[in-house]
$ cat protein_37.txt   # compact mmCIF, C-alpha atoms and all ligand atoms
# COMPACT_ATOMS: atom_id res chain seq x y z
CA MET U 60 0.00 0.00 0.00
CA SER U 61 2.92 2.30 -0.67
CA ARG U 62 0.77 4.47 -2.94
CA ALA U 63 -1.17 5.62 0.12
CA GLU U 64 1.74 7.88 1.06
CA GLY U 65 1.51 11.55 0.28
CA ALA U 66 -2.24 11.46 -0.37
CA ALA U 67 -2.43 15.25 -0.15
CA PRO U 68 -0.16 17.21 -2.48
CA ALA U 69 2.20 18.94 -0.04
CA GLU U 70 2.74 22.07 -2.14
CA SER U 71 -0.94 23.02 -2.03
CA VAL U 72 -1.22 22.87 1.77
CA SER U 73 0.07 25.80 3.82
CA PRO U 74 1.31 25.13 7.39
CA ALA U 75 -1.70 26.97 8.82
CA GLU U 76 -4.09 24.75 6.87
CA THR U 77 -2.21 21.67 8.03
CA LEU U 78 -2.75 22.74 11.64
CA GLU U 79 -6.45 23.35 11.09
CA ALA U 80 -7.10 20.16 9.15
CA PRO U 81 -5.45 17.07 10.62
CA PRO U 82 -5.66 13.96 8.43
CA ALA U 83 -9.00 12.15 8.39
CA ALA U 84 -9.36 8.96 10.42
CA VAL U 85 -9.79 7.06 7.14
CA GLU U 86 -9.25 8.22 3.58
CA LEU U 87 -9.87 5.85 0.68
CA THR U 88 -9.41 7.10 -2.87
CA GLY U 89 -10.46 4.92 -5.79
CA VAL U 90 -9.76 1.70 -3.91
CA THR U 91 -10.10 -1.48 -5.95
CA VAL U 92 -9.47 -4.97 -4.57
CA ARG U 93 -9.20 -8.15 -6.61
CA TYR U 94 -9.08 -11.74 -5.44
CA GLN U 95 -8.05 -14.85 -7.33
CA ALA U 96 -11.24 -16.88 -7.72
CA ARG U 97 -11.31 -20.46 -6.49
CA GLY U 98 -13.31 -23.49 -7.60
CA ARG U 99 -14.93 -23.40 -11.02
CA ARG U 100 -13.50 -20.02 -11.96
CA ALA U 101 -10.06 -20.71 -10.49
CA GLY U 102 -7.34 -18.52 -11.96
CA GLN U 103 -9.70 -15.67 -12.82
CA ALA U 104 -9.56 -12.41 -10.92
CA VAL U 105 -12.70 -11.38 -9.01
CA THR U 106 -13.15 -7.66 -8.45
CA ALA U 107 -14.41 -7.57 -4.84
CA VAL U 108 -14.56 -3.78 -4.59
CA SER U 109 -14.21 -1.26 -7.36
CA ASP U 110 -13.18 2.39 -7.19
CA VAL U 111 -14.34 3.15 -3.65
CA SER U 112 -13.60 6.59 -2.27
CA LEU U 113 -14.61 7.59 1.21
CA THR U 114 -13.48 9.77 4.07
CA ILE U 115 -14.21 9.13 7.73
CA GLY U 116 -13.65 12.18 9.89
CA GLU U 117 -12.29 12.14 13.43
CA GLY U 118 -14.97 10.87 15.82
CA GLU U 119 -17.38 10.02 13.00
CA PHE U 120 -19.43 6.82 13.20
CA THR U 121 -19.71 5.45 9.66
CA VAL U 122 -21.81 2.39 8.93
CA LEU U 123 -21.45 0.22 5.81
CA VAL U 124 -24.56 -1.68 4.75
CA GLY U 125 -25.17 -3.80 1.71
CA PRO U 126 -26.06 -7.30 0.55
CA SER U 127 -23.85 -10.28 1.25
CA GLY U 128 -20.79 -10.35 -1.00
CA CYS U 129 -20.77 -6.63 -1.85
CA GLY U 130 -17.31 -6.18 -0.36
CA LYS U 131 -17.99 -4.81 3.13
CA THR U 132 -15.50 -7.10 4.85
CA THR U 133 -12.99 -6.52 2.07
CA LEU U 134 -13.12 -2.74 2.62
CA LEU U 135 -12.73 -3.21 6.36
CA ARG U 136 -9.69 -5.43 5.73
CA VAL U 137 -8.13 -2.74 3.55
CA VAL U 138 -8.60 -0.16 6.32
CA ALA U 139 -7.22 -2.63 8.90
CA GLY U 140 -4.11 -3.10 6.75
CA PHE U 141 -4.76 -6.80 6.09
CA GLU U 142 -5.58 -6.46 2.41
CA PRO U 143 -3.55 -4.52 -0.14
CA ALA U 144 -5.48 -2.46 -2.67
CA ALA U 145 -4.88 -3.39 -6.30
CA GLY U 146 -5.67 0.20 -7.22
CA GLY U 147 -6.19 3.49 -5.45
CA THR U 148 -4.84 4.67 -2.11
CA ALA U 149 -5.77 4.10 1.52
CA SER U 150 -4.66 5.96 4.60
CA VAL U 151 -5.53 5.87 8.28
CA HIS U 152 -4.76 9.05 10.21
CA GLY U 153 -2.54 10.11 7.35
CA ALA U 154 -0.42 6.94 7.16
CA PRO U 155 -0.71 3.68 5.19
CA PRO U 156 -2.96 1.23 7.11
CA ARG U 157 -0.98 -1.11 9.34
CA PRO U 158 -2.51 -3.89 11.47
CA GLY U 159 -2.72 -2.98 15.14
CA HIS U 160 -1.51 0.59 14.84
CA GLY U 161 -4.11 2.67 16.61
CA THR U 162 -6.92 0.52 15.19
CA GLY U 163 -9.16 -1.80 17.24
CA LEU U 164 -10.97 -4.72 15.62
CA VAL U 165 -14.15 -6.59 16.53
CA PHE U 166 -15.56 -9.48 14.50
CA GLN U 167 -18.80 -11.45 14.53
CA GLN U 168 -17.24 -14.05 16.84
CA PRO U 169 -15.53 -12.80 20.01
CA ARG U 170 -12.37 -14.92 19.41
CA LEU U 171 -11.28 -14.89 23.06
CA PHE U 172 -8.62 -17.23 24.49
CA PRO U 173 -10.70 -19.88 26.30
CA TRP U 174 -7.79 -20.90 28.55
CA ARG U 175 -7.47 -17.39 29.96
CA THR U 176 -9.82 -15.56 32.29
CA VAL U 177 -11.64 -12.42 31.13
CA GLY U 178 -8.96 -10.34 32.87
CA GLY U 179 -6.26 -12.57 31.38
CA ASN U 180 -7.56 -11.91 27.87
CA LEU U 181 -7.45 -8.16 28.48
CA ALA U 182 -4.05 -8.27 30.21
CA PHE U 183 -2.66 -10.13 27.20
CA ALA U 184 -3.90 -7.38 24.89
CA LEU U 185 -2.56 -4.68 27.21
CA ALA U 186 0.85 -6.39 27.30
CA ARG U 187 0.86 -6.47 23.51
CA HIS U 188 0.24 -2.73 23.56
CA GLY U 189 3.25 -2.30 25.84
CA LEU U 190 1.45 -1.41 29.07
CA PRO U 191 3.73 -2.14 32.08
CA ARG U 192 2.62 -5.14 34.16
CA ALA U 193 1.96 -3.00 37.24
CA GLU U 194 -0.64 -0.93 35.38
CA ARG U 195 -2.54 -3.79 33.75
CA ALA U 196 -4.95 -4.65 36.57
CA ALA U 197 -6.18 -1.06 36.92
CA ARG U 198 -6.60 -0.65 33.19
CA THR U 199 -8.38 -4.02 32.94
CA ALA U 200 -10.88 -2.85 35.58
CA GLU U 201 -11.34 0.41 33.68
CA LEU U 202 -12.01 -1.44 30.40
CA LEU U 203 -14.47 -3.83 32.04
CA GLU U 204 -16.30 -0.90 33.59
CA LEU U 205 -16.54 0.71 30.14
CA VAL U 206 -18.34 -2.34 28.71
CA GLY U 207 -20.54 -3.00 31.75
CA LEU U 208 -18.63 -6.02 33.09
CA SER U 209 -17.14 -4.69 36.32
CA GLY U 210 -16.16 -7.57 38.59
CA TYR U 211 -15.83 -10.12 35.77
CA ALA U 212 -12.01 -10.14 35.57
CA GLY U 213 -11.67 -13.52 37.29
CA ARG U 214 -14.36 -15.30 35.26
CA ARG U 215 -13.67 -17.89 32.58
CA THR U 216 -14.75 -16.78 29.12
CA TRP U 217 -16.89 -19.90 28.64
CA GLU U 218 -18.91 -18.96 31.74
CA LEU U 219 -20.07 -15.83 29.91
CA SER U 220 -23.09 -15.42 27.61
CA GLY U 221 -22.53 -14.57 23.94
CA GLY U 222 -23.33 -10.93 24.63
CA GLN U 223 -20.91 -10.78 27.55
CA GLN U 224 -18.18 -12.40 25.46
CA GLN U 225 -18.71 -9.81 22.76
CA ARG U 226 -18.44 -7.10 25.43
CA VAL U 227 -15.03 -8.52 26.35
CA ALA U 228 -14.06 -8.46 22.66
CA ILE U 229 -15.01 -4.78 22.52
CA ALA U 230 -13.03 -4.07 25.70
CA ARG U 231 -10.05 -5.86 24.15
CA ALA U 232 -10.37 -3.77 20.99
CA LEU U 233 -10.28 -0.65 23.18
CA ALA U 234 -7.21 -1.85 25.12
CA GLY U 235 -4.73 0.10 23.01
CA ARG U 236 -6.85 3.28 23.18
CA PRO U 237 -7.47 3.09 19.40
CA ARG U 238 -8.32 6.22 17.47
CA LEU U 239 -10.26 4.05 15.04
CA LEU U 240 -12.53 1.11 15.74
CA LEU U 241 -13.45 -1.37 12.98
CA LEU U 242 -16.38 -3.71 13.62
CA ASP U 243 -17.56 -6.40 11.18
CA GLU U 244 -21.14 -7.49 12.01
CA PRO U 245 -20.20 -7.70 15.71
CA PHE U 246 -23.75 -8.26 16.96
CA ALA U 247 -25.04 -10.55 14.18
CA ALA U 248 -24.79 -13.72 16.29
CA LEU U 249 -26.61 -12.30 19.33
CA ASP U 250 -30.26 -12.57 20.34
CA ALA U 251 -32.43 -9.53 19.55
CA LEU U 252 -32.60 -8.06 23.04
CA THR U 253 -28.88 -8.43 23.77
CA ARG U 254 -28.16 -6.99 20.36
CA GLU U 255 -30.23 -3.88 21.03
CA ARG U 256 -28.60 -3.37 24.40
CA LEU U 257 -25.11 -3.67 22.95
CA GLN U 258 -25.98 -1.28 20.11
CA GLU U 259 -27.09 1.30 22.66
CA GLU U 260 -23.97 0.80 24.76
CA LEU U 261 -21.63 1.04 21.78
CA ARG U 262 -23.32 4.23 20.65
CA THR U 263 -22.91 5.84 24.07
CA LEU U 264 -19.39 4.51 24.56
CA THR U 265 -18.02 5.78 21.24
CA ALA U 266 -19.70 9.16 21.70
CA ARG U 267 -17.95 9.35 25.06
CA THR U 268 -14.50 8.31 23.80
CA GLY U 269 -14.75 10.22 20.51
CA THR U 270 -13.36 7.22 18.61
CA ALA U 271 -13.89 7.14 14.85
CA VAL U 272 -15.79 4.00 13.84
CA LEU U 273 -16.33 1.94 10.72
CA PHE U 274 -19.13 -0.53 11.41
CA VAL U 275 -20.39 -3.21 9.02
CA THR U 276 -23.92 -4.59 9.24
CA HIS U 277 -26.84 -6.07 7.31
CA SER U 278 -29.35 -4.49 9.65
CA VAL U 279 -31.23 -1.31 8.75
CA ASP U 280 -32.19 -0.66 12.39
CA GLU U 281 -28.64 -1.09 13.57
CA ALA U 282 -27.31 1.21 10.84
CA VAL U 283 -29.74 4.02 11.67
CA LEU U 284 -29.28 3.78 15.42
CA LEU U 285 -25.49 3.66 15.33
CA GLY U 286 -24.34 5.64 12.33
CA SER U 287 -23.78 9.35 12.11
CA ARG U 288 -23.75 8.39 8.45
CA VAL U 289 -24.60 5.27 6.46
CA LEU U 290 -22.86 4.20 3.26
CA VAL U 291 -24.90 1.83 1.11
CA MET U 292 -23.03 -0.66 -1.05
CA ALA U 293 -24.10 -2.68 -4.07
CA ALA U 294 -22.47 -5.85 -5.41
CA ASP U 295 -20.83 -7.00 -8.66
CA PRO U 296 -18.58 -5.17 -8.37
CA GLY U 297 -18.73 -3.96 -4.77
CA ARG U 298 -19.14 -0.21 -4.70
CA VAL U 299 -20.64 2.58 -2.63
CA VAL U 300 -23.92 3.77 -4.18
CA ALA U 301 -25.35 6.07 -1.51
CA ASP U 302 -24.19 8.16 1.42
CA LEU U 303 -26.98 8.96 3.88
CA PRO U 304 -26.41 11.38 6.75
CA VAL U 305 -28.14 10.33 9.98
CA ASP U 306 -29.11 13.38 11.90
CA LEU U 307 -30.09 11.90 15.26
CA PRO U 308 -28.75 13.45 18.48
CA ARG U 309 -25.55 11.91 19.88
CA ASP U 310 -25.04 14.00 23.02
CA ALA U 311 -24.60 12.39 26.44
CA ALA U 312 -28.14 13.35 27.48
CA THR U 313 -29.74 11.33 24.66
CA ASP U 314 -30.93 7.85 25.55
CA PRO U 315 -30.36 5.72 22.44
CA ALA U 316 -33.19 3.37 23.39
CA ALA U 317 -35.66 6.26 23.32
CA LEU U 318 -34.54 7.21 19.79
CA ARG U 319 -35.96 3.97 18.38
CA GLY U 320 -39.50 5.16 18.98
CA THR U 321 -39.17 8.57 17.36
CA PRO U 322 -40.69 9.57 13.98
CA GLU U 323 -37.22 10.72 12.87
CA PHE U 324 -35.90 7.19 13.43
CA ALA U 325 -38.79 5.68 11.49
CA ALA U 326 -38.28 8.11 8.59
CA LEU U 327 -34.54 7.37 8.35
CA ARG U 328 -35.28 3.67 8.53
CA GLY U 329 -37.70 3.99 5.63
CA THR U 330 -35.24 5.96 3.53
CA LEU U 331 -32.45 3.47 4.16
CA SER U 332 -34.66 0.45 3.38
CA ARG U 333 -35.67 2.04 0.08
CA THR U 334 -32.08 2.90 -0.81
CA LEU U 335 -30.97 -0.65 -0.03
CA ARG U 336 -33.70 -2.12 -2.21
CA GLU U 337 -32.69 0.20 -5.06
CA ALA U 338 -29.05 -0.79 -4.56
CA ALA U 339 -29.96 -4.48 -4.70
CA GLY U 340 -31.89 -3.82 -7.90
CA ALA U 341 -28.92 -1.98 -9.41
CA ALA U 342 -26.49 -4.84 -8.73
N1 LIG Y 401 -10.14 -14.49 0.17
C1 LIG Y 401 -10.97 -14.41 -0.88
N2 LIG Y 401 -10.69 -15.06 -2.04
C2 LIG Y 401 -11.50 -14.97 -3.12
N3 LIG Y 401 -12.63 -14.24 -3.15
C3 LIG Y 401 -12.97 -13.57 -2.04
C4 LIG Y 401 -12.17 -13.63 -0.84
N4 LIG Y 401 -12.77 -12.85 0.11
C5 LIG Y 401 -13.88 -12.36 -0.47
N5 LIG Y 401 -14.01 -12.77 -1.75
C6 LIG Y 401 -15.09 -12.37 -2.69
O1 LIG Y 401 -15.12 -10.97 -2.71
C7 LIG Y 401 -16.46 -10.49 -2.72
C8 LIG Y 401 -16.69 -9.59 -1.52
O2 LIG Y 401 -16.61 -10.35 -0.32
P1 LIG Y 401 -16.78 -9.73 1.13
O3 LIG Y 401 -15.91 -8.54 1.25
O4 LIG Y 401 -16.56 -10.82 2.11
O5 LIG Y 401 -18.31 -9.30 1.13
P2 LIG Y 401 -19.32 -8.95 2.33
O6 LIG Y 401 -18.51 -8.78 3.57
O7 LIG Y 401 -20.02 -7.71 1.90
O8 LIG Y 401 -20.28 -10.09 2.44
C9 LIG Y 401 -17.34 -11.73 -2.76
O9 LIG Y 401 -17.66 -11.98 -4.09
C10 LIG Y 401 -16.45 -12.80 -2.18
O10 LIG Y 401 -16.82 -14.06 -2.69
MG MG Y 402 -18.60 -9.75 5.45

$ encode --input "protein_37.txt" --output "structure tokens"
Amino acid sequence: MSRAEGAAPAESVSPAETLEAPPAAVELTGVTVRYQARGRRAGQAVTAVSDVSLTIGEGEFTVLVGPSGCGKTTLLRVVAGFEPAAGGTASVHGAPPRPGHGTGLVFQQPRLFPWRTVGGNLAFALARHGLPRAERAARTAELLELVGLSGYAGRRTWELSGGQQQRVAIARALAGRPRLLLLDEPFAALDALTRERLQEELRTLTARTGTAVLFVTHSVDEAVLLGSRVLVMAADPGRVVADLPVDLPRDAATDPAALRGTPEFAALRGTLSRTLREAAGAA
């Protein structure tokens, strides 16, 4: 991803402008990703995403929605630094994406170490981020408090419900105080009630920490509740076809649960459903 360097032409940016406008959390310009197909079409290149440009500002919560196979995970992998772009440029906070550097990741499955306690899982992540041993217990308690699991440090991961395990995965992703959080359908495997509760908590938590977020989902409700903005993708080839601003309040006084019942929520939900159907038709 060496082409991601120098995304902004230096000569056109004065020092004052540089001070006023720090690099975006994520900047993709014309990103195209190709995979080698397997099976029947082995040897052929599949264009997973084509010419995607997007900017995620500091503290912005961007949601990607779209049908299965439209390249949502692929885009997330590019931003995480796992997948090189065949074309275009990608940068995270002004530098080429690199795994683990200021970016926290959460997947559909919690992927915890079953032989470690909850606290042990977090301490391992904190050690990886270079936190001195003496500070790990306090920081572990702080992270658990953040995700509503105070007092769970000594528990075994397999004693926890799916929702609680996913809370630990979120705490682990926050261990390195990331400036960017990437989540790929993190609540898809949870029951409806747990899912709603975790959506509300993630919304409040990220508003509090000011972390920029890229969140992938299939769910219209989830997209509207969480996103400050929703990008709709279509497949074949994967591309962004719509960019919907979500103008729901995100201040500390707003209860996310109460937002679900508002006419504004219903209207946004309707608009997004329609846009998704159009996108599916266009694919
Ligand atoms: N490792 C891979 N090798 C080959 N093709 C892949 C690979 N990963 C994804 N693809 C293909 O790329 C396209 C986009 O996949 P993906 O990003 O996983 O979509 P989504 O997350 O939106 O469901 C699909 O057609 C998928 O089959
Ligand atoms: Mg996916």

$ closest_atom_pairs --input "protein_37.txt" --of "region 124-206 of chain U" --to "region 242-247 of chain U" --cutoff "9 Å" --atoms "all atoms listed in the file" --output "tab-separated table"
residue	atom	partner	partner_atom	distance
U:Lys131	CA	U:Asp243	CA	8.2
U:Thr132	CA	U:Asp243	CA	6.7
U:Leu135	CA	U:Asp243	CA	7.5
U:Gly163	CA	U:Leu242	CA	8.3
U:Leu164	CA	U:Leu242	CA	5.9
U:Val165	CA	U:Leu242	CA	4.7
U:Phe166	CA	U:Asp243	CA	5.0
U:Gln167	CA	U:Pro245	CA	4.2
U:Gln168	CA	U:Pro245	CA	7.1
U:Pro169	CA	U:Pro245	CA	8.1

$ write_last_selection --input "protein_37.txt" --atoms "C-alpha atoms" --output "PDB file, in the coordinates of the input"
ATOM      1  CA  LYS U 131     -17.990  -4.810   3.130  1.00  0.00           C
ATOM      2  CA  THR U 132     -15.500  -7.100   4.850  1.00  0.00           C
ATOM      3  CA  LEU U 135     -12.730  -3.210   6.360  1.00  0.00           C
ATOM      4  CA  GLY U 163      -9.160  -1.800  17.240  1.00  0.00           C
ATOM      5  CA  LEU U 164     -10.970  -4.720  15.620  1.00  0.00           C
ATOM      6  CA  VAL U 165     -14.150  -6.590  16.530  1.00  0.00           C
ATOM      7  CA  PHE U 166     -15.560  -9.480  14.500  1.00  0.00           C
ATOM      8  CA  GLN U 167     -18.800 -11.450  14.530  1.00  0.00           C
ATOM      9  CA  GLN U 168     -17.240 -14.050  16.840  1.00  0.00           C
ATOM     10  CA  PRO U 169     -15.530 -12.800  20.010  1.00  0.00           C
TER      11      PRO U 169
END

$ atom_distance --input "protein_37.txt" --atom1 "CA of Val105 (chain U)" --atom2 "atom N1 of ligand LIG 401 (chain Y)"
10.0 Å

$ closest_residue --input "protein_37.txt" --among "U:Leu249, U:Gln95, U:Ala182, U:Gly125" --to "ligand MG 402 (chain Y)" --atoms "only C-alpha atoms and all ligand atoms"
U:Gly125

$ axis_aligned_box --input "protein_37.txt" --around "region 180-195 of chain U" --padding-each-side "6 Å" --output "AutoDock Vina command-line options"
--center_x -1.9 --center_y -6.4 --center_z 30.4 --size_x 23.3 --size_y 23.0 --size_z 25.7

$ residues_near_ligand --input "protein_37.txt" --ligand "ligand LIG 401 (chain Y)" --cutoff "7 Å" --atoms "all atoms listed in the file" --output "ChimeraX atom specification"
/U:94-97,105-108,125-134,297

$ atom_distance --input "protein_37.txt" --atom1 "CA of Thr263 (chain U)" --atom2 "CA of Leu205 (chain U)"
10.2 Å

$ atom_distance --input "protein_37.txt" --atom1 "CA of Ala212 (chain U)" --atom2 "CA of Phe274 (chain U)"
27.0 Å

$ residues_around --input "protein_37.txt" --residues "region 312-318 of chain U" --least-positions-apart "6" --cutoff "10 Å" --atoms "only C-alpha atoms" --output "list in words"
Glu255, Arg256, Gln258, Glu259, Glu260, Leu261, Arg262, Thr263, Val283, Leu284, Leu285, Phe324 and Ala325 of chain U

$ closest_residue --input "protein_37.txt" --among "U:Arg157, U:Arg136, U:Gly207, U:Ser220" --to "ligand MG 402 (chain Y)" --atoms "all atoms listed in the file"
U:Arg136

$ residues_around --input "protein_37.txt" --residues "Phe172 (chain U)" --least-positions-apart "2" --cutoff "10 Å" --atoms "only C-alpha atoms" --output "number ranges by chain"
U: 169-170, 174-177, 179-181, 183, 215-217

$ residues_around --input "protein_37.txt" --residues "Val137 (chain U)" --least-positions-apart "4" --cutoff "10 Å" --atoms "all atoms listed in the file" --output "ChimeraX atom specification"
/U:60,87,90-92,132-133,141-144,148-150,155-158

$ residues_near_point --input "protein_37.txt" --point "(-13.1, 7.3, 10.7)" --cutoff "9 Å" --atoms "all atoms listed in the file" --output "PDB file with C-alpha atoms, keeping the file's coordinate frame"
ATOM      1  CA  ALA U  83      -9.000  12.150   8.390  1.00  0.00           C
ATOM      2  CA  ALA U  84      -9.360   8.960  10.420  1.00  0.00           C
ATOM      3  CA  VAL U  85      -9.790   7.060   7.140  1.00  0.00           C
ATOM      4  CA  GLU U  86      -9.250   8.220   3.580  1.00  0.00           C
ATOM      5  CA  THR U 114     -13.480   9.770   4.070  1.00  0.00           C
ATOM      6  CA  ILE U 115     -14.210   9.130   7.730  1.00  0.00           C
ATOM      7  CA  GLY U 116     -13.650  12.180   9.890  1.00  0.00           C
ATOM      8  CA  GLU U 117     -12.290  12.140  13.430  1.00  0.00           C
ATOM      9  CA  GLY U 118     -14.970  10.870  15.820  1.00  0.00           C
ATOM     10  CA  GLU U 119     -17.380  10.020  13.000  1.00  0.00           C
ATOM     11  CA  PHE U 120     -19.430   6.820  13.200  1.00  0.00           C
ATOM     12  CA  THR U 121     -19.710   5.450   9.660  1.00  0.00           C
ATOM     13  CA  VAL U 151      -5.530   5.870   8.280  1.00  0.00           C
ATOM     14  CA  HIS U 152      -4.760   9.050  10.210  1.00  0.00           C
ATOM     15  CA  ARG U 238      -8.320   6.220  17.470  1.00  0.00           C
ATOM     16  CA  LEU U 239     -10.260   4.050  15.040  1.00  0.00           C
ATOM     17  CA  LEU U 240     -12.530   1.110  15.740  1.00  0.00           C
ATOM     18  CA  LEU U 241     -13.450  -1.370  12.980  1.00  0.00           C
ATOM     19  CA  THR U 270     -13.360   7.220  18.610  1.00  0.00           C
ATOM     20  CA  ALA U 271     -13.890   7.140  14.850  1.00  0.00           C
ATOM     21  CA  VAL U 272     -15.790   4.000  13.840  1.00  0.00           C
ATOM     22  CA  LEU U 273     -16.330   1.940  10.720  1.00  0.00           C
TER      23      LEU U 273
END

$ closest_residue --input "protein_37.txt" --among "U:Thr265, U:Gln224, U:Thr276, U:Ser109" --to "ligand MG 402 (chain Y)" --atoms "only C-alpha atoms and all ligand atoms"
U:Thr276

$ build_atoms --input "protein_37.txt" --residues "region 299-314 of chain U" --atoms "N, CA, C and O atoms" --output "compact mmCIF listing (two decimals), in the coordinates of the input"
# COMPACT_ATOMS: atom_id res chain seq x y z
N VAL U 299 -19.76 1.78 -3.47
CA VAL U 299 -20.64 2.58 -2.63
C VAL U 299 -21.61 3.32 -3.54
O VAL U 299 -21.18 4.01 -4.47
N VAL U 300 -22.92 3.15 -3.30
CA VAL U 300 -23.92 3.77 -4.18
C VAL U 300 -24.70 4.90 -3.51
O VAL U 300 -25.40 5.64 -4.18
N ALA U 301 -24.63 4.98 -2.18
CA ALA U 301 -25.35 6.07 -1.51
C ALA U 301 -24.67 6.41 -0.20
O ALA U 301 -24.03 5.55 0.42
N ASP U 302 -24.81 7.65 0.20
CA ASP U 302 -24.19 8.16 1.42
C ASP U 302 -25.26 8.95 2.16
O ASP U 302 -25.60 10.06 1.78
N LEU U 303 -25.85 8.34 3.18
CA LEU U 303 -26.98 8.96 3.88
C LEU U 303 -26.52 9.54 5.22
O LEU U 303 -26.03 8.80 6.07
N PRO U 304 -26.70 10.83 5.42
CA PRO U 304 -26.41 11.38 6.75
C PRO U 304 -27.51 10.97 7.72
O PRO U 304 -28.68 10.88 7.33
N VAL U 305 -27.14 10.67 8.95
CA VAL U 305 -28.14 10.33 9.98
C VAL U 305 -28.09 11.42 11.03
O VAL U 305 -27.12 11.53 11.78
N ASP U 306 -29.13 12.20 11.05
CA ASP U 306 -29.11 13.38 11.90
C ASP U 306 -29.88 13.16 13.20
O ASP U 306 -30.82 13.86 13.49
N LEU U 307 -29.47 12.15 13.95
CA LEU U 307 -30.09 11.90 15.26
C LEU U 307 -29.12 12.38 16.34
O LEU U 307 -27.91 12.30 16.15
N PRO U 308 -29.64 12.90 17.45
CA PRO U 308 -28.75 13.45 18.48
C PRO U 308 -27.79 12.41 19.07
O PRO U 308 -28.17 11.25 19.25
N ARG U 309 -26.55 12.82 19.34
CA ARG U 309 -25.55 11.91 19.88
C ARG U 309 -24.97 12.42 21.19
O ARG U 309 -23.95 11.92 21.66
N ASP U 310 -25.58 13.44 21.77
CA ASP U 310 -25.04 14.00 23.02
C ASP U 310 -25.27 13.03 24.19
O ASP U 310 -26.08 12.11 24.09
N ALA U 311 -24.56 13.29 25.28
CA ALA U 311 -24.60 12.39 26.44
C ALA U 311 -26.00 12.29 27.04
O ALA U 311 -26.35 11.28 27.66
N ALA U 312 -26.81 13.34 26.86
CA ALA U 312 -28.14 13.35 27.48
C ALA U 312 -29.14 12.49 26.71
O ALA U 312 -30.22 12.17 27.22
N THR U 313 -28.80 12.10 25.48
CA THR U 313 -29.74 11.33 24.66
C THR U 313 -29.70 9.85 25.01
O THR U 313 -28.63 9.23 24.98
N ASP U 314 -30.84 9.28 25.30
CA ASP U 314 -30.93 7.85 25.55
C ASP U 314 -31.18 7.14 24.21
O ASP U 314 -32.23 7.33 23.60
